[in-house]
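Structure below is target_19.txt: compact mmCIF, C-alpha atoms.
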```txt
# COMPACT_ATOMS: atom_id res chain seq x y z
CA MET M 1 -6.71 32.93 99.19
CA PRO M 2 -2.96 32.93 99.58
CA ASN M 3 -2.34 30.43 96.80
CA ALA M 4 -4.98 31.69 94.37
CA LYS M 5 -3.97 31.54 90.73
CA LYS M 6 -4.49 34.51 88.43
CA ALA M 7 -5.49 34.72 84.76
CA TYR M 8 -3.89 37.27 82.46
CA VAL M 9 -4.68 38.69 79.01
CA SER M 10 -2.33 40.49 76.61
CA ASP M 11 -3.17 43.99 75.32
CA GLY M 12 -0.55 43.63 72.63
CA THR M 13 2.19 45.02 74.81
CA ASN M 14 1.63 43.91 78.41
CA TRP M 15 0.05 40.96 80.24
CA LEU M 16 -2.83 42.26 82.38
CA PRO M 17 -4.45 40.27 85.23
CA LEU M 18 -8.12 39.27 84.99
CA VAL M 19 -10.01 39.96 88.26
CA SER M 20 -13.60 40.53 89.43
CA GLY M 21 -15.17 42.09 92.51
CA VAL M 22 -12.23 44.37 93.23
CA PRO M 23 -13.26 47.95 93.87
CA ASP M 24 -10.07 49.48 92.52
CA MET M 25 -10.07 48.40 88.84
CA ALA M 26 -7.15 50.56 87.78
CA GLY M 27 -4.59 48.52 85.86
CA TYR M 28 -6.95 45.56 85.31
CA ALA M 29 -8.74 44.40 82.18
CA THR M 30 -12.49 44.88 81.94
CA VAL M 31 -14.91 42.28 80.52
CA ASP M 32 -15.35 44.38 77.35
CA TYR M 33 -11.58 44.59 77.01
CA VAL M 34 -11.27 40.85 77.31
CA ASN M 35 -14.02 40.30 74.72
CA ASP M 36 -12.26 42.61 72.29
CA TYR M 37 -8.95 40.75 72.58
CA THR M 38 -10.21 37.21 73.03
CA PRO M 39 -10.56 35.47 69.63
CA SER M 40 -14.01 34.16 68.71
CA ILE M 41 -14.27 30.47 67.81
CA SER M 42 -17.29 29.22 65.89
CA VAL M 43 -18.11 25.54 66.24
CA SER M 44 -20.17 24.00 63.43
CA ALA M 45 -20.13 21.44 60.63
CA SER M 46 -19.84 24.18 57.97
CA PRO M 47 -17.86 27.42 57.92
CA PRO M 48 -19.56 30.60 59.17
CA ALA M 49 -21.07 32.97 56.63
CA SER M 50 -19.44 36.40 56.15
CA PRO M 51 -16.37 35.70 58.30
CA GLU M 52 -13.88 38.37 59.29
CA GLN M 53 -10.14 38.15 58.96
CA GLY M 54 -8.62 36.35 61.95
CA GLU M 55 -11.84 34.57 62.84
CA PHE M 56 -11.56 30.93 63.99
CA TRP M 57 -13.83 28.04 63.09
CA PHE M 58 -13.76 24.56 64.59
CA ASP M 59 -15.14 21.93 62.18
CA SER M 60 -17.25 19.67 64.42
CA ASP M 61 -17.30 16.92 61.77
CA THR M 62 -13.54 16.61 61.28
CA ASN M 63 -12.38 18.09 64.62
CA GLU M 64 -10.08 20.49 62.77
CA LEU M 65 -9.43 24.16 63.54
CA PHE M 66 -9.30 26.80 60.80
CA MET M 67 -8.51 30.52 60.64
CA TYR M 68 -9.91 32.89 58.01
CA ASP M 69 -7.17 34.87 56.23
CA SER M 70 -9.61 37.20 54.40
CA VAL M 71 -9.78 34.84 51.39
CA TYR M 72 -9.51 31.21 52.54
CA TRP M 73 -10.10 29.11 55.62
CA VAL M 74 -6.59 27.94 56.53
CA GLU M 75 -6.23 24.76 58.61
CA ILE M 76 -4.13 25.33 61.74
CA SER M 77 -4.73 22.03 63.49
CA GLY M 78 -4.38 18.33 62.82
CA THR M 79 -1.45 16.02 62.45
CA ALA M 80 2.05 17.31 61.93
CA VAL M 81 2.90 18.11 58.31
CA ASP M 82 5.57 15.89 56.73
CA LEU M 83 7.76 18.47 54.99
CA ALA M 84 9.67 15.73 53.15
CA GLU M 85 6.93 15.58 50.50
CA TYR M 86 7.40 19.24 49.61
CA LEU M 87 10.07 20.70 47.33
CA THR M 88 12.86 22.77 48.72
CA VAL M 89 14.44 25.54 46.67
CA ALA M 90 17.41 23.28 45.96
CA SER M 91 15.31 20.29 44.87
CA ALA M 92 12.93 22.43 42.79
CA SER M 93 15.81 23.69 40.64
CA THR M 94 16.75 20.12 39.71
CA THR M 95 13.22 18.67 39.49
CA TYR M 96 11.59 21.28 37.24
CA GLN M 97 12.81 23.27 34.26
CA GLN M 98 13.13 26.99 34.73
CA LYS M 99 10.44 29.12 33.10
CA VAL M 100 11.46 30.30 29.63
CA ALA M 101 10.55 33.91 28.92
CA ASN M 102 8.14 34.64 26.04
CA VAL M 103 7.30 30.95 25.45
CA ASP M 104 3.64 29.98 25.82
CA ASN M 105 2.09 26.59 26.52
CA THR M 106 1.38 25.94 22.83
CA GLU M 107 5.03 26.42 21.91
CA ILE M 108 6.12 24.20 24.81
CA GLY M 109 3.72 21.57 23.44
CA TYR M 110 5.71 21.46 20.20
CA LEU M 111 8.52 19.85 22.19
CA ASN M 112 6.33 16.96 23.31
CA GLY M 113 8.09 13.73 22.42
CA VAL M 114 11.51 15.33 21.92
CA THR M 115 14.00 12.96 23.55
CA SER M 116 17.34 14.35 22.41
CA GLY M 117 19.01 17.54 21.22
CA ILE M 118 16.86 19.30 18.61
CA GLN M 119 19.84 20.28 16.45
CA SER M 120 21.08 16.70 16.29
CA GLN M 121 17.60 15.58 15.22
CA LEU M 122 17.51 18.22 12.49
CA ASN M 123 20.94 17.18 11.27
CA SER M 124 19.78 13.59 10.97
CA LYS M 125 16.74 14.67 8.94
CA LEU M 126 18.61 16.84 6.45
CA ASN M 127 22.13 15.88 5.45
CA LEU M 128 23.16 18.48 2.90
CA SER M 129 25.88 16.31 1.40
CA THR M 130 23.37 13.61 0.39
CA ALA M 131 20.22 15.72 -0.01
CA SER M 132 20.18 15.23 -3.79
CA THR M 133 19.78 11.47 -3.37
CA LEU M 134 17.63 11.46 -0.24
CA TYR M 135 14.98 14.00 -1.17
CA LEU M 136 12.65 14.60 -4.07
CA THR M 137 13.33 17.45 -6.45
CA ILE M 138 11.05 20.49 -6.49
CA SER M 139 8.37 20.14 -9.15
CA ASN M 140 7.35 23.11 -11.30
CA PRO M 141 8.99 25.89 -9.25
CA VAL M 142 8.32 29.53 -10.14
CA ILE M 143 11.41 31.71 -9.70
CA SER M 144 11.15 35.48 -10.08
CA GLY M 145 13.98 37.90 -10.76
CA VAL M 146 17.49 37.19 -11.96
CA THR M 147 18.83 33.74 -11.02
CA SER M 148 22.44 32.60 -11.13
CA ILE M 149 22.99 28.86 -11.64
CA ASN M 150 26.38 27.22 -12.11
CA ALA M 151 25.07 24.18 -13.96
CA ILE M 152 21.81 22.35 -14.68
CA GLU M 153 21.38 18.63 -15.10
CA GLU M 154 18.54 17.94 -17.54
CA SER M 155 16.70 14.68 -17.94
CA VAL M 156 16.58 13.20 -21.45
CA THR M 157 13.99 10.73 -22.72
CA LEU M 158 15.77 7.99 -24.65
CA ALA M 159 13.49 5.90 -26.84
CA ALA M 160 14.37 3.08 -29.25
CA THR M 161 11.61 4.37 -31.48
CA SER M 162 11.42 5.02 -35.21
CA ALA M 163 9.90 8.37 -36.12
CA SER M 164 7.03 8.18 -38.61
CA GLY M 165 3.40 9.25 -39.06
CA MET M 166 2.12 11.14 -36.00
CA VAL M 167 4.70 11.68 -33.27
CA VAL M 168 3.21 12.91 -29.97
CA TYR M 169 5.56 14.85 -27.72
CA ASP M 170 4.20 15.05 -24.14
CA VAL M 171 6.35 17.66 -22.40
CA LEU M 172 5.18 16.58 -18.92
CA THR M 173 6.65 13.10 -19.42
CA ASN M 174 9.13 13.42 -22.33
CA ASN M 175 11.21 16.11 -20.59
CA ALA M 176 12.79 18.98 -22.50
CA ILE M 177 14.88 16.65 -24.67
CA THR M 178 13.71 13.47 -26.42
CA TYR M 179 16.07 11.28 -28.44
CA TYR M 180 14.76 8.64 -30.88
CA THR M 181 17.67 6.22 -31.28
CA SER M 182 16.13 4.03 -34.04
CA ASN M 183 16.22 5.13 -37.69
CA ALA M 184 13.20 7.10 -38.88
CA SER M 185 11.01 5.11 -41.28
CA ALA M 186 8.87 7.89 -42.77
CA ASN M 187 8.20 11.62 -42.61
CA TRP M 188 6.20 12.68 -39.57
CA THR M 189 3.95 15.33 -38.03
CA LEU M 190 5.01 16.46 -34.55
CA ASN M 191 2.18 17.14 -32.07
CA ILE M 192 3.32 18.91 -28.88
CA ARG M 193 1.05 18.87 -25.79
CA GLY M 194 1.21 18.60 -21.99
CA ASN M 195 0.00 15.01 -21.94
CA SER M 196 -3.16 13.08 -22.80
CA GLU M 197 -5.12 14.99 -20.13
CA THR M 198 -3.32 18.36 -20.08
CA THR M 199 -3.05 20.83 -22.94
CA LEU M 200 0.05 22.90 -23.50
CA ASN M 201 -2.29 25.88 -23.74
CA SER M 202 -3.36 25.34 -20.11
CA MET M 203 0.23 24.96 -18.96
CA LEU M 204 1.45 28.29 -20.33
CA ASN M 205 0.26 31.77 -19.51
CA THR M 206 0.28 34.43 -22.19
CA GLY M 207 3.82 35.76 -22.42
CA GLN M 208 5.44 32.49 -21.36
CA SER M 209 7.57 30.24 -23.54
CA LEU M 210 8.78 26.64 -23.67
CA THR M 211 11.75 25.18 -25.56
CA ILE M 212 12.22 21.51 -26.43
CA ALA M 213 14.70 19.54 -28.50
CA PHE M 214 13.61 16.52 -30.56
CA ALA M 215 16.53 14.39 -31.80
CA VAL M 216 15.74 11.98 -34.66
CA THR M 217 18.09 9.35 -36.06
CA ASN M 218 18.25 8.90 -39.85
CA GLY M 219 19.83 5.98 -41.68
CA ALA M 220 20.61 5.62 -45.37
CA THR M 221 17.23 7.11 -46.20
CA ALA M 222 16.57 10.50 -44.66
CA TYR M 223 13.17 11.61 -43.39
CA ARG M 224 11.98 14.87 -41.86
CA GLN M 225 9.25 16.69 -39.99
CA THR M 226 6.63 17.92 -42.44
CA ALA M 227 4.09 19.55 -40.11
CA LEU M 228 3.72 20.86 -36.54
CA GLN M 229 0.76 20.80 -34.17
CA ILE M 230 0.16 22.15 -30.66
CA ASP M 231 -2.61 20.36 -28.75
CA GLY M 232 -3.67 18.82 -32.08
CA LEU M 233 -4.06 22.20 -33.83
CA SER M 234 -1.84 23.05 -36.79
CA VAL M 235 0.80 25.73 -36.30
CA THR M 236 3.17 27.08 -38.94
CA PRO M 237 6.62 27.57 -37.39
CA LYS M 238 9.09 30.28 -38.36
CA TRP M 239 12.21 28.39 -39.46
CA GLN M 240 15.75 29.48 -38.81
CA GLY M 241 17.17 31.02 -42.01
CA GLY M 242 13.66 31.69 -43.31
CA SER M 243 13.17 28.41 -45.24
CA THR M 244 11.39 25.18 -44.32
CA PRO M 245 13.71 22.14 -44.57
CA THR M 246 12.82 19.99 -47.57
CA THR M 247 14.77 16.90 -46.50
CA GLY M 248 16.42 15.23 -43.60
CA ASN M 249 20.09 14.25 -43.39
CA THR M 250 21.27 10.70 -44.13
CA ASN M 251 23.29 8.77 -41.58
CA SER M 252 22.91 11.60 -39.12
CA ILE M 253 21.02 12.77 -36.08
CA ASP M 254 18.79 15.71 -36.89
CA ILE M 255 17.87 17.86 -33.89
CA TYR M 256 14.71 19.93 -34.12
CA SER M 257 14.96 22.80 -31.64
CA ILE M 258 11.52 24.31 -31.03
CA THR M 259 10.67 27.41 -28.97
CA ILE M 260 6.96 27.98 -28.36
CA ILE M 261 5.70 31.42 -27.22
CA LYS M 262 2.10 31.75 -26.07
CA THR M 263 0.71 35.03 -27.43
CA GLY M 264 -2.94 34.45 -26.46
CA ASN M 265 -5.46 31.71 -25.80
CA GLU M 266 -4.60 28.83 -28.17
CA SER M 267 -2.39 31.26 -30.05
CA PHE M 268 1.34 30.55 -30.42
CA THR M 269 4.42 31.78 -32.21
CA VAL M 270 6.94 29.01 -32.88
CA TRP M 271 10.61 29.32 -33.74
CA GLU M 272 12.16 26.13 -35.11
CA SER M 273 15.46 24.94 -36.48
CA GLN M 274 16.85 21.69 -37.90
CA THR M 275 20.51 20.99 -37.10
CA ARG M 276 22.54 18.04 -38.41
CA PHE M 277 24.92 16.08 -36.16
CA ALA M 278 27.01 13.35 -37.73
```
Written as structure tokens, how would this file's structure read?
Amino acid sequence: MPNAKKAYVSDGTNWLPLVSGVPDMAGYATVDYVNDYTPSISVSASPPASPEQGEFWFDSDTNELFMYDSVYWVEISGTAVDLAEYLTVASASTTYQQKVANVDNTEIGYLNGVTSGIQSQLNSKLNLSTASTLYLTISNPVISGVTSINAIEESVTLAATSASGMVVYDVLTNNAITYYTSNASANWTLNIRGNSETTLNSMLNTGQSLTIAFAVTNGATAYRQTALQIDGLSVTPKWQGGSTPTTGNTNSIDIYSITIIKTGNESFTVWESQTRFA
């Protein structure tokens, strides 16, 4: 057969001819050799069980060829892949943000909805120059240790009221200073409390104190405080100078400065003074 064609198989290094019926087999591949180096292709509608790495499987349903890579069946046949739909290294750097070290998914989630620079957003939320008018003041803060304050602005309750009878001083609403601008019309008893629902006793812990100033206007006839109560219970104050005032001051503003120290449950020591301003 002068024009006979030959088949060859690779042994990994050389191409060896496939022949049969030749007595001298030296240099030719045997059937076992060919079986060892010829890949096996399974044809079925489902992948073979317990495949080996490098094994081929032809899916008879989809007419697709797969190779087992020791973990997955990888498709190696079908239509040409359009690489345009995949990211290149250059396009990935502009399409996706780089991974930030030590930031987990929860922390990334905090940025959901952020549409501009975070610092500029923070600046718009807190303008230090106008914070005093934009934001509420802190209510009932507890400050420990030594505190240095340049100045304090205190709120004053101004009331066109005439002192007489029972005067109730609610420290939660009257502030630390209350000023009655109308002339007193009779002597009065001063009852100091938190408010109608809160006792001063519940507001203060033992060892705490509170100081208020009650300014009363007197006209041609002077009147004065004759008794003191805390939460409706009578308390005898210790007066500055050691003597209880026996009269008010005419055509003046008398300021009653009162410091209350809680020494126990419903137990108070009170220091009080009456000072004339005219």
Name all residues at most 7 Å from stretch 177-191 of chain M (count only C-alpha atoms; drop same-chain ones fewer than 2 positions away) and give them as a count of residues only.
35
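Compared by their closest atoms to M:Ala220, and using only C-alpha atoms, the residues M:Ser42, M:Asn112, M:Thr247, M:Ser252 rank with M:Ser252 nearest.
Proximity of M:Thr275, M:Ile149, M:Ser120, M:Leu233 to M:Thr199, computed with only C-alpha atoms, is greatest for M:Leu233.
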Quick one: 6 Å padding each side, axis-aligned, all listed atoms of stretch 230-243 of chain M - centre and edge lengths in Å to one decimal, as lines of an AutoDock Vina configuration file?
```
center_x = 6.6
center_y = 25.3
center_z = -37.0
size_x = 33.2
size_y = 24.9
size_z = 28.5
```
Expressed in Å to a single decimal, how great is the separation between atom CA of M:Asn150 and atom CA of M:Thr211?
20.0 Å
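You will find atom CA of M:Ser70 at 11.6 Å from atom CA of M:Phe56.
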From the list M:Ala222, M:Asp254, M:Asn140, M:Gln240, which residue is nearest M:Trp271 when using only C-alpha atoms?
M:Gln240
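Counting from atom CA of M:Tyr68, the distance to atom CA of M:Thr13 is 24.0 Å.
Candidate residues M:Thr244, M:Ser40, M:Asn205, M:Asn249 were compared for distance to M:Trp57, and the nearest is M:Ser40, using all atoms listed in the file.
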Residues near M:Leu65, anyone? I mean within 12 Å using only C-alpha atoms, not counting same-chain ones fewer than 3 positions away, as a list in words.
Ile41, Ser42, Val43, Ser44, Ala45, Ser46, Pro47, Glu55, Phe56, Trp57, Phe58, Asp59, Ser60, Asp61, Thr62, Tyr68, Trp73, Val74, Glu75, Ile76, Ser77, Gly78 and Thr79 of chain M
So which residues touch stretch 262-269 of chain M within 9 Å, counting only C-alpha atoms, skipping near sequence neighbours fewer than 6 positions away, as a VMD selection string?
chain M and resid 200 to 202 204 to 210 230 to 231 233 235 to 238
Can you take the partial stretch 194-226 of chain M, add N, CA and C atoms, and return it as a compact mmCIF listing (two decimals), in the frame of the given file?
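Final output, saved to part00.txt:
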```
# COMPACT_ATOMS: atom_id res chain seq x y z
N GLY M 194 0.77 18.90 -23.36
CA GLY M 194 1.21 18.60 -21.99
C GLY M 194 1.27 17.11 -21.79
N ASN M 195 0.12 16.47 -21.87
CA ASN M 195 0.00 15.01 -21.94
C ASN M 195 -1.42 14.70 -22.41
N SER M 196 -1.85 13.47 -22.28
CA SER M 196 -3.16 13.08 -22.80
C SER M 196 -4.30 13.80 -22.09
N GLU M 197 -4.06 14.32 -20.89
CA GLU M 197 -5.12 14.99 -20.13
C GLU M 197 -4.88 16.48 -19.96
N THR M 198 -3.68 16.96 -20.31
CA THR M 198 -3.32 18.36 -20.08
C THR M 198 -2.86 19.00 -21.37
N THR M 199 -3.47 20.12 -21.73
CA THR M 199 -3.05 20.83 -22.94
C THR M 199 -1.85 21.71 -22.63
N LEU M 200 -1.05 21.95 -23.66
CA LEU M 200 0.05 22.90 -23.50
C LEU M 200 -0.50 24.31 -23.29
N ASN M 201 -1.66 24.57 -23.90
CA ASN M 201 -2.29 25.88 -23.74
C ASN M 201 -2.61 26.17 -22.28
N SER M 202 -3.04 25.14 -21.53
CA SER M 202 -3.36 25.34 -20.11
C SER M 202 -2.11 25.44 -19.25
N MET M 203 -1.00 24.92 -19.72
CA MET M 203 0.23 24.96 -18.96
C MET M 203 0.91 26.32 -19.01
N LEU M 204 0.75 27.02 -20.13
CA LEU M 204 1.45 28.29 -20.33
C LEU M 204 0.50 29.47 -20.17
N ASN M 205 0.98 30.51 -19.52
CA ASN M 205 0.26 31.77 -19.51
C ASN M 205 0.71 32.60 -20.71
N THR M 206 -0.11 33.54 -21.10
CA THR M 206 0.28 34.43 -22.19
C THR M 206 1.56 35.17 -21.80
N GLY M 207 2.53 35.13 -22.70
CA GLY M 207 3.82 35.76 -22.42
C GLY M 207 4.85 34.77 -21.90
N GLN M 208 4.48 33.51 -21.77
CA GLN M 208 5.44 32.49 -21.36
C GLN M 208 5.87 31.66 -22.56
N SER M 209 7.05 31.02 -22.43
CA SER M 209 7.57 30.24 -23.54
C SER M 209 8.08 28.88 -23.02
N LEU M 210 8.27 27.97 -23.97
CA LEU M 210 8.78 26.64 -23.67
C LEU M 210 9.66 26.21 -24.83
N THR M 211 10.83 25.65 -24.51
CA THR M 211 11.75 25.18 -25.56
C THR M 211 12.03 23.70 -25.37
N ILE M 212 11.91 22.94 -26.46
CA ILE M 212 12.22 21.51 -26.43
C ILE M 212 13.19 21.19 -27.56
N ALA M 213 13.81 20.03 -27.44
CA ALA M 213 14.70 19.54 -28.50
C ALA M 213 14.29 18.11 -28.83
N PHE M 214 14.02 17.85 -30.11
CA PHE M 214 13.61 16.52 -30.56
C PHE M 214 14.69 15.99 -31.49
N ALA M 215 15.42 14.95 -31.02
CA ALA M 215 16.53 14.39 -31.80
C ALA M 215 16.05 13.12 -32.50
N VAL M 216 16.21 13.11 -33.84
CA VAL M 216 15.74 11.98 -34.66
C VAL M 216 16.92 11.38 -35.42
N THR M 217 17.02 10.05 -35.36
CA THR M 217 18.09 9.35 -36.06
C THR M 217 17.64 8.99 -37.48
N ASN M 218 18.50 9.29 -38.45
CA ASN M 218 18.25 8.90 -39.85
C ASN M 218 19.33 7.91 -40.30
N GLY M 219 18.89 6.95 -41.11
CA GLY M 219 19.83 5.98 -41.68
C GLY M 219 20.17 6.37 -43.11
N ALA M 220 20.25 5.36 -43.97
CA ALA M 220 20.61 5.62 -45.37
C ALA M 220 19.55 6.42 -46.09
N THR M 221 18.31 6.30 -45.63
CA THR M 221 17.23 7.11 -46.20
C THR M 221 16.84 8.15 -45.17
N ALA M 222 16.84 9.41 -45.60
CA ALA M 222 16.57 10.50 -44.66
C ALA M 222 15.10 10.88 -44.69
N TYR M 223 14.55 11.12 -43.52
CA TYR M 223 13.17 11.61 -43.39
C TYR M 223 13.17 12.87 -42.54
N ARG M 224 12.02 13.57 -42.53
CA ARG M 224 11.98 14.87 -41.86
C ARG M 224 10.59 15.15 -41.29
N GLN M 225 10.54 16.19 -40.49
CA GLN M 225 9.25 16.69 -39.99
C GLN M 225 8.60 17.51 -41.10
N THR M 226 7.34 17.20 -41.37
CA THR M 226 6.63 17.92 -42.44
C THR M 226 5.54 18.84 -41.92
```
